[in-house]
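Dropping model27.pdb in here (PDB, C-alpha atoms):
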ATOM      1  CA  MET I   1      11.753  11.260   8.301
ATOM      2  CA  VAL I   2       8.081  10.533   8.813
ATOM      3  CA  ILE I   3       5.294  13.105   8.713
ATOM      4  CA  SER I   4       1.699  12.276   9.542
ATOM      5  CA  LYS I   5      -1.675  13.803   8.888
ATOM      6  CA  LYS I   6      -4.887  13.123  10.710
ATOM      7  CA  VAL I   7      -8.422  13.175   9.283
ATOM      8  CA  GLU I   8     -11.773  11.988  10.583
ATOM      9  CA  PHE I   9     -14.892  10.413   9.188
ATOM     10  CA  SER I  10     -18.078   9.005  10.672
ATOM     11  CA  ALA I  11     -19.576   5.787   9.400
ATOM     12  CA  SER I  12     -21.643   2.806  10.417
ATOM     13  CA  HIS I  13     -20.832  -0.861   9.990
ATOM     14  CA  ILE I  14     -21.977  -4.368  10.803
ATOM     15  CA  CYS I  15     -19.333  -6.879  11.849
ATOM     16  CA  ARG I  16     -20.777 -10.149  10.567
ATOM     17  CA  SER I  17     -19.425 -12.659   8.087
ATOM     18  CA  PRO I  18     -21.852 -14.606   5.882
ATOM     19  CA  ARG I  19     -19.379 -17.481   6.163
ATOM     20  CA  LEU I  20     -19.983 -17.798   9.916
ATOM     21  CA  SER I  21     -23.102 -18.971  11.733
ATOM     22  CA  ASP I  22     -25.104 -16.522  13.860
ATOM     23  CA  ALA I  23     -23.597 -18.012  17.007
ATOM     24  CA  GLU I  24     -20.050 -17.762  15.607
ATOM     25  CA  ASN I  25     -20.653 -14.151  14.564
ATOM     26  CA  GLU I  26     -21.910 -13.260  18.040
ATOM     27  CA  ARG I  27     -18.933 -14.994  19.617
ATOM     28  CA  THR I  28     -16.377 -13.394  17.292
ATOM     29  CA  PHE I  29     -17.672  -9.834  17.135
ATOM     30  CA  GLY I  30     -19.808  -9.463  20.268
ATOM     31  CA  ALA I  31     -21.987  -6.350  20.278
ATOM     32  CA  ALA I  32     -20.462  -5.270  16.946
ATOM     33  CA  ALA I  33     -22.352  -8.151  15.268
ATOM     34  CA  ASN I  34     -25.690  -6.340  15.716
ATOM     35  CA  PRO I  35     -27.345  -6.864  12.283
ATOM     36  CA  LEU I  36     -28.822  -3.363  12.374
ATOM     37  CA  GLY I  37     -25.366  -1.825  12.512
ATOM     38  CA  HIS I  38     -23.735   0.799  14.703
ATOM     39  CA  GLY I  39     -21.278   3.632  14.080
ATOM     40  CA  HIS I  40     -18.025   5.275  15.050
ATOM     41  CA  ASN I  41     -16.139   8.517  14.586
ATOM     42  CA  TYR I  42     -13.052   7.107  12.929
ATOM     43  CA  VAL I  43      -9.729   8.940  13.101
ATOM     44  CA  VAL I  44      -7.222   8.155  10.347
ATOM     45  CA  GLU I  45      -3.527   8.962  10.694
ATOM     46  CA  VAL I  46      -1.567   8.686   7.478
ATOM     47  CA  ALA I  47       2.227   8.687   7.812
ATOM     48  CA  ILE I  48       4.466   9.577   4.878
ATOM     49  CA  GLU I  49       8.167   8.751   4.762
ATOM     50  CA  GLY I  50      10.834  10.632   2.845
ATOM     51  CA  GLU I  51      13.462  13.339   2.915
ATOM     52  CA  PRO I  52      12.466  17.003   2.672
ATOM     53  CA  ASP I  53      12.885  18.641  -0.710
ATOM     54  CA  PRO I  54      15.986  20.886  -0.518
ATOM     55  CA  VAL I  55      14.072  23.823  -1.990
ATOM     56  CA  THR I  56      10.636  23.632  -0.346
ATOM     57  CA  GLY I  57      11.691  21.890   2.877
ATOM     58  CA  MET I  58       8.690  19.591   2.487
ATOM     59  CA  ILE I  59       8.482  15.804   2.154
ATOM     60  CA  LEU I  60       5.145  16.127   0.429
ATOM     61  CA  ASP I  61       2.820  19.020  -0.226
ATOM     62  CA  LEU I  62       0.329  18.567   2.614
ATOM     63  CA  LYS I  63      -2.414  20.303   0.639
ATOM     64  CA  ARG I  64      -1.987  17.574  -1.960
ATOM     65  CA  LEU I  65      -2.148  14.894   0.727
ATOM     66  CA  LYS I  66      -5.287  16.520   2.109
ATOM     67  CA  ASN I  67      -6.871  16.486  -1.341
ATOM     68  CA  ILE I  68      -5.973  12.810  -1.847
ATOM     69  CA  LEU I  69      -7.498  11.917   1.525
ATOM     70  CA  GLU I  70     -10.649  13.896   0.817
ATOM     71  CA  GLU I  71     -11.133  12.532  -2.659
ATOM     72  CA  LYS I  72     -10.079   8.910  -2.153
ATOM     73  CA  VAL I  73     -11.176   8.276   1.452
ATOM     74  CA  LEU I  74     -13.465  10.836   3.069
ATOM     75  CA  SER I  75     -15.800  11.333   0.105
ATOM     76  CA  VAL I  76     -16.152   7.536  -0.068
ATOM     77  CA  TYR I  77     -16.375   6.671   3.645
ATOM     78  CA  ASP I  78     -17.916   9.649   5.418
ATOM     79  CA  HIS I  79     -21.518   9.210   6.618
ATOM     80  CA  ARG I  80     -21.910   5.842   4.901
ATOM     81  CA  LEU I  81     -22.968   2.371   5.913
ATOM     82  CA  LEU I  82     -19.710   0.664   4.983
ATOM     83  CA  ASN I  83     -21.189  -2.809   4.348
ATOM     84  CA  ARG I  84     -23.622  -1.499   1.711
ATOM     85  CA  GLU I  85     -22.004   1.585   0.280
ATOM     86  CA  VAL I  86     -18.233   1.101   0.245
ATOM     87  CA  GLU I  87     -16.283  -1.468  -1.727
ATOM     88  CA  PRO I  88     -14.940  -4.048  -0.761
ATOM     89  CA  PHE I  89     -17.115  -4.285   2.358
ATOM     90  CA  ASP I  90     -19.929  -5.994   0.497
ATOM     91  CA  ARG I  91     -17.571  -8.998   0.520
ATOM     92  CA  VAL I  92     -15.120  -8.295   3.364
ATOM     93  CA  VAL I  93     -16.059  -7.632   6.991
ATOM     94  CA  PRO I  94     -15.445  -3.906   7.736
ATOM     95  CA  THR I  95     -13.323  -4.482  10.819
ATOM     96  CA  VAL I  96     -10.885  -1.732  11.706
ATOM     97  CA  GLU I  97      -8.118  -4.029  10.387
ATOM     98  CA  ASN I  98      -9.731  -4.227   6.935
ATOM     99  CA  ILE I  99     -10.529  -0.502   6.914
ATOM    100  CA  ALA I 100      -6.821   0.321   7.482
ATOM    101  CA  ILE I 101      -5.809  -2.013   4.625
ATOM    102  CA  ASP I 102      -8.467  -0.588   2.295
ATOM    103  CA  ILE I 103      -7.451   3.033   2.984
ATOM    104  CA  TRP I 104      -3.826   2.095   2.206
ATOM    105  CA  ARG I 105      -4.912   0.612  -1.139
ATOM    106  CA  ARG I 106      -6.931   3.692  -2.029
ATOM    107  CA  ILE I 107      -4.231   6.275  -1.349
ATOM    108  CA  ASP I 108      -0.910   4.479  -1.979
ATOM    109  CA  PRO I 109      -1.044   4.772  -5.818
ATOM    110  CA  HIS I 110      -1.453   8.545  -5.523
ATOM    111  CA  ILE I 111       1.545   9.242  -3.293
ATOM    112  CA  GLN I 112       4.451   9.721  -5.655
ATOM    113  CA  GLY I 113       7.828  11.338  -5.991
ATOM    114  CA  ARG I 114      10.227  11.527  -3.056
ATOM    115  CA  ALA I 115       7.480  10.638  -0.583
ATOM    116  CA  LYS I 116       6.232   7.163   0.137
ATOM    117  CA  LEU I 117       3.369   5.918   2.225
ATOM    118  CA  TYR I 118       4.735   4.550   5.521
ATOM    119  CA  SER I 119       1.629   3.597   7.496
ATOM    120  CA  VAL I 120      -2.106   4.006   7.875
ATOM    121  CA  ARG I 121      -3.414   3.997  11.415
ATOM    122  CA  VAL I 122      -7.162   3.933  12.023
ATOM    123  CA  HIS I 123      -8.631   4.616  15.467
ATOM    124  CA  GLU I 124     -12.087   3.113  15.814
ATOM    125  CA  THR I 125     -12.462   4.235  19.435
ATOM    126  CA  VAL I 126     -10.012   5.808  21.886
ATOM    127  CA  GLU I 127      -9.322   2.282  23.121
ATOM    128  CA  LEU I 128      -8.804   0.531  19.783
ATOM    129  CA  SER I 129      -6.613   1.302  16.787
ATOM    130  CA  VAL I 130      -4.922  -0.613  13.975
ATOM    131  CA  GLU I 131      -1.807   0.255  11.993
ATOM    132  CA  TYR I 132      -1.030  -1.177   8.541
ATOM    133  CA  ARG I 133       2.383  -0.629   6.977
ATOM    134  CA  GLY I 134       1.681  -2.262   3.629
ATOM    135  CA  GLY I 135       2.851  -5.622   2.315
ATOM    136  CA  LYS I 136       1.865  -8.959   3.743
TER
ATOM    137  CA  MET V   1      -1.810  -8.995   5.636
ATOM    138  CA  THR V   2       0.085  -8.070   8.766
ATOM    139  CA  VAL V   3      -1.338  -5.282  10.941
ATOM    140  CA  ARG V   4      -0.562  -3.861  14.348
ATOM    141  CA  LEU V   5      -3.552  -3.525  16.622
ATOM    142  CA  THR V   6      -3.479  -1.369  19.744
ATOM    143  CA  ARG V   7      -5.910  -1.556  22.625
ATOM    144  CA  LYS V   8      -5.984   0.720  25.641
ATOM    145  CA  TYR V   9      -6.925  -0.149  29.224
ATOM    146  CA  GLY V  10      -6.916   1.754  32.498
ATOM    147  CA  PHE V  11      -6.557   1.099  36.202
ATOM    148  CA  ALA V  12      -6.116   3.258  39.286
ATOM    149  CA  ALA V  13      -3.545   2.402  41.932
ATOM    150  CA  SER V  14      -1.343   3.967  44.576
ATOM    151  CA  HIS V  15       2.394   3.729  45.133
ATOM    152  CA  ARG V  16       5.355   5.253  46.876
ATOM    153  CA  LEU V  17       8.764   5.625  45.274
ATOM    154  CA  HIS V  18      11.279   4.656  47.932
ATOM    155  CA  SER V  19      14.372   2.493  47.621
ATOM    156  CA  ARG V  20      15.696   0.548  50.585
ATOM    157  CA  ALA V  21      19.156   0.871  49.080
ATOM    158  CA  LEU V  22      19.066   4.656  49.551
ATOM    159  CA  SER V  23      19.050   6.837  52.678
ATOM    160  CA  ASP V  24      15.948   8.874  53.522
ATOM    161  CA  GLU V  25      17.701  11.988  52.276
ATOM    162  CA  GLU V  26      18.752  10.282  49.017
ATOM    163  CA  ASN V  27      15.215   8.982  48.534
ATOM    164  CA  ARG V  28      13.790  12.464  48.936
ATOM    165  CA  ARG V  29      16.342  13.854  46.516
ATOM    166  CA  THR V  30      15.784  11.096  43.935
ATOM    167  CA  TYR V  31      12.009  10.830  43.977
ATOM    168  CA  GLY V  32      10.872  14.243  45.257
ATOM    169  CA  LYS V  33       7.192  14.330  46.185
ATOM    170  CA  CYS V  34       6.750  10.741  44.928
ATOM    171  CA  ASN V  35       8.670   9.725  48.077
ATOM    172  CA  ASN V  36       5.828  10.913  50.351
ATOM    173  CA  PRO V  37       5.645   8.204  53.075
ATOM    174  CA  HIS V  38       1.861   8.010  52.798
ATOM    175  CA  GLY V  39       1.973   7.221  49.086
ATOM    176  CA  HIS V  40      -0.158   8.712  46.334
ATOM    177  CA  GLY V  41      -2.094   7.452  43.318
ATOM    178  CA  HIS V  42      -2.490   7.613  39.565
ATOM    179  CA  ASN V  43      -4.966   6.697  36.875
ATOM    180  CA  TYR V  44      -2.672   4.484  34.866
ATOM    181  CA  GLU V  45      -3.372   3.793  31.206
ATOM    182  CA  VAL V  46      -1.878   0.803  29.422
ATOM    183  CA  GLU V  47      -1.670   0.319  25.664
ATOM    184  CA  ILE V  48      -0.986  -3.148  24.341
ATOM    185  CA  THR V  49       0.106  -3.450  20.701
ATOM    186  CA  VAL V  50      -0.019  -6.835  18.968
ATOM    187  CA  ARG V  51       1.159  -7.820  15.506
ATOM    188  CA  GLY V  52      -0.857 -10.375  13.577
ATOM    189  CA  GLN V  53      -2.283 -11.588  10.285
ATOM    190  CA  VAL V  54      -5.803 -10.510   9.347
ATOM    191  CA  ASP V  55      -8.034 -13.594   9.140
ATOM    192  CA  ARG V  56      -9.723 -13.818   5.725
ATOM    193  CA  VAL V  57     -13.107 -14.764   7.124
ATOM    194  CA  THR V  58     -13.420 -12.629  10.247
ATOM    195  CA  GLY V  59     -11.290  -9.665   9.162
ATOM    196  CA  ARG V  60      -9.724  -9.728  12.624
ATOM    197  CA  ALA V  61      -6.029  -9.941  13.519
ATOM    198  CA  ILE V  62      -6.708 -10.971  17.109
ATOM    199  CA  ASP V  63      -9.571 -12.253  19.217
ATOM    200  CA  LEU V  64     -10.318  -9.077  21.192
ATOM    201  CA  GLY V  65     -12.197 -11.069  23.818
ATOM    202  CA  ARG V  66      -9.037 -13.031  24.588
ATOM    203  CA  LEU V  67      -6.911  -9.870  24.624
ATOM    204  CA  ASP V  68      -9.368  -8.271  27.056
ATOM    205  CA  ARG V  69      -9.276 -11.414  29.178
ATOM    206  CA  ILE V  70      -5.489 -11.568  29.414
ATOM    207  CA  ALA V  71      -5.384  -7.829  30.227
ATOM    208  CA  GLU V  72      -8.062  -8.247  32.881
ATOM    209  CA  GLU V  73      -6.521 -11.323  34.483
ATOM    210  CA  GLN V  74      -2.860 -10.329  34.343
ATOM    211  CA  ILE V  75      -3.037  -6.563  34.838
ATOM    212  CA  LEU V  76      -6.357  -4.981  35.709
ATOM    213  CA  LYS V  77      -7.712  -7.410  38.291
ATOM    214  CA  PRO V  78      -4.488  -7.779  40.295
ATOM    215  CA  LEU V  79      -3.598  -4.049  40.216
ATOM    216  CA  ARG V  80      -6.908  -2.144  40.160
ATOM    217  CA  TYR V  81      -7.369  -0.093  43.349
ATOM    218  CA  ARG V  82      -4.250  -1.611  44.916
ATOM    219  CA  ASN V  83      -1.383  -0.179  46.865
ATOM    220  CA  LEU V  84       1.375  -1.442  44.567
ATOM    221  CA  ASN V  85       4.130  -1.431  47.236
ATOM    222  CA  GLU V  86       2.066  -3.329  49.793
ATOM    223  CA  GLU V  87      -0.174  -5.574  47.718
ATOM    224  CA  VAL V  88       1.833  -6.595  44.651
ATOM    225  CA  PRO V  89       4.662  -8.908  45.794
ATOM    226  CA  VAL V  90       7.254  -7.876  43.192
ATOM    227  CA  PHE V  91       7.105  -4.298  44.515
ATOM    228  CA  HIS V  92       8.072  -5.360  48.022
ATOM    229  CA  GLU V  93      11.599  -5.457  46.624
ATOM    230  CA  VAL V  94      11.499  -3.364  43.445
ATOM    231  CA  VAL V  95      10.535   0.343  43.402
ATOM    232  CA  PRO V  96       7.203   0.746  41.527
ATOM    233  CA  THR V  97       8.410   3.390  39.086
ATOM    234  CA  THR V  98       6.688   3.564  35.708
ATOM    235  CA  GLU V  99       9.740   1.806  34.244
ATOM    236  CA  ASN V 100       9.541  -1.117  36.665
ATOM    237  CA  LEU V 101       5.760  -1.261  36.365
ATOM    238  CA  ALA V 102       6.043  -1.484  32.562
ATOM    239  CA  ALA V 103       8.587  -4.320  32.900
ATOM    240  CA  GLU V 104       6.337  -6.183  35.355
ATOM    241  CA  LEU V 105       3.219  -5.847  33.170
ATOM    242  CA  ASP V 106       5.215  -6.962  30.131
ATOM    243  CA  ARG V 107       6.527  -9.977  32.049
ATOM    244  CA  ARG V 108       3.000 -10.912  33.192
ATOM    245  CA  LEU V 109       1.541 -10.691  29.685
ATOM    246  CA  ARG V 110       4.428 -12.625  28.174
ATOM    247  CA  SER V 111       4.198 -15.483  30.654
ATOM    248  CA  ALA V 112       0.434 -15.895  30.156
ATOM    249  CA  TRP V 113       0.495 -15.279  26.380
ATOM    250  CA  PRO V 114       1.242 -18.822  25.055
ATOM    251  CA  GLU V 115      -1.663 -20.308  26.986
ATOM    252  CA  VAL V 116      -4.171 -17.680  25.797
ATOM    253  CA  PHE V 117      -2.847 -17.555  22.233
ATOM    254  CA  PRO V 118      -1.484 -21.020  21.405
ATOM    255  CA  ASP V 119      -0.289 -22.096  17.917
ATOM    256  CA  GLY V 120       1.615 -18.963  16.909
ATOM    257  CA  GLY V 121      -1.226 -16.448  17.200
ATOM    258  CA  PRO V 122      -0.674 -12.698  17.448
ATOM    259  CA  VAL V 123       2.675 -11.470  18.735
ATOM    260  CA  LEU V 124       2.917  -9.077  21.690
ATOM    261  CA  GLU V 125       4.929  -6.253  20.157
ATOM    262  CA  LYS V 126       4.712  -3.257  22.446
ATOM    263  CA  LEU V 127       3.483  -2.172  25.842
ATOM    264  CA  ARG V 128       3.101   1.466  26.779
ATOM    265  CA  ILE V 129       2.048   2.810  30.143
ATOM    266  CA  TRP V 130       0.966   6.326  31.099
ATOM    267  CA  GLU V 131       1.446   7.267  34.744
ATOM    268  CA  THR V 132       0.184  10.752  33.949
ATOM    269  CA  GLU V 133      -0.389  12.605  30.689
ATOM    270  CA  ARG V 134       3.295  13.522  30.750
ATOM    271  CA  ASN V 135       5.012  10.383  32.067
ATOM    272  CA  ILE V 136       4.930   7.563  29.587
ATOM    273  CA  CYS V 137       7.095   4.457  29.437
ATOM    274  CA  GLU V 138       7.275   2.027  26.517
ATOM    275  CA  ILE V 139       8.712  -1.450  26.002
ATOM    276  CA  ASP V 140       9.015  -2.248  22.314
ATOM    277  CA  HIS V 141       9.918  -5.758  21.168
ATOM    278  CA  ALA V 142       9.758  -4.950  17.425
TER
END

So that I can check it, write out the structure of this file as structure tokens.
Amino acid sequence: MVISKKVEFSASHICRSPRLSDAENERTFGAAANPLGHGHNYVVEVAIEGEPDPVTGMILDLKRLKNILEEKVLSVYDHRLLNREVEPFDRVVPTVENIAIDIWRRIDPHIQGRAKLYSVRVHETVELSVEYRGGK
Amino acid sequence: MTVRLTRKYGFAASHRLHSRALSDEENRRTYGKCNNPHGHGHNYEVEITVRGQVDRVTGRAIDLGRLDRIAEEQILKPLRYRNLNEEVPVFHEVVPTTENLAAELDRRLRSAWPEVFPDGGPVLEKLRIWETERNICEIDHA
């Protein structure tokens, strides 16, 4: 059984790699390569897999999941310039792909017991989302 | 790292659900108001999900420009503001239900995919089409 929870944060980012030339950055990222940055209202859906506890009927205490998301993700990401203020985006381009992977890494160690993290889906816009299910 | 990236597109088109293999009465019974001889339209939405490896340098799993181009060339340009029954050859024979439309869009993307994404690039995993908020059809290759 999979249960999912949705949270939101707002942040700005710059999609440029120092390992690419200006022309390559423009070609790869288009308008998102603007060196002054731009922002999104990101929506994060975290899906947890497991069987409900026979006593509580819950896979995971959702208050606990909410606290993990607030502490490990929202307090770090919300209203920040990701490239400057959030690790590892000083070294890694903060594409929506890398944001999904980073959120997985931040929360996975804290989801224990009968529940396990199944996927992290990040919506950057209503037209674009990425899902990461862990592993390679 | 493998991720699944989903991008959403939209186009408006008209159609009529009517099968030549059925009588007029059977058509009315099967398709209800969608059998209206004058046709009717929808704002279709199409979600394309691809599976790919995140590039270490760019942080991208797919070249979105190429995905937009294949969607535009294979789906949006040929179908936008069209009468599907009259103007899209496959629907001269096949009823343009959401199911058949999903299969046709999937076939179009698949046939153009190797040319746009050569050398084992991202894999087309899923196509989902909304005819309305409540009618959704999905083809999942996972």

Test item: chain I residues at most 12 Å from chain V, counting all atoms listed in the file, as a ChimeraX atom specification: /I:14-21,24-33,88-89,91-102,104,119-136

For the structure shown, which residues end up in the PyMOL selection byres ((chain V and resi 84) around 12)? Put them as a PyMOL selection string, please? chain V and resi 11-17+39-42+75+78-83+85-98+100-101+104

Selection under test: the PyMOL selection byres ((chain V and resi 131) around 7); residues as a VMD selection string: chain V and resid 42 to 45 98 129 to 130 132 to 133 135 to 136

Between CA of Leu81 in chain I and CA of Ile48 in chain I lies a distance of 28.4 Å

Non-local contacts of range 51-65 of chain I (10 Å; all atoms listed in the file; under 5 positions in same chain excluded) as an MDAnalysis selection string: chainID I and resid 1:5 46 70:71 107 110:116
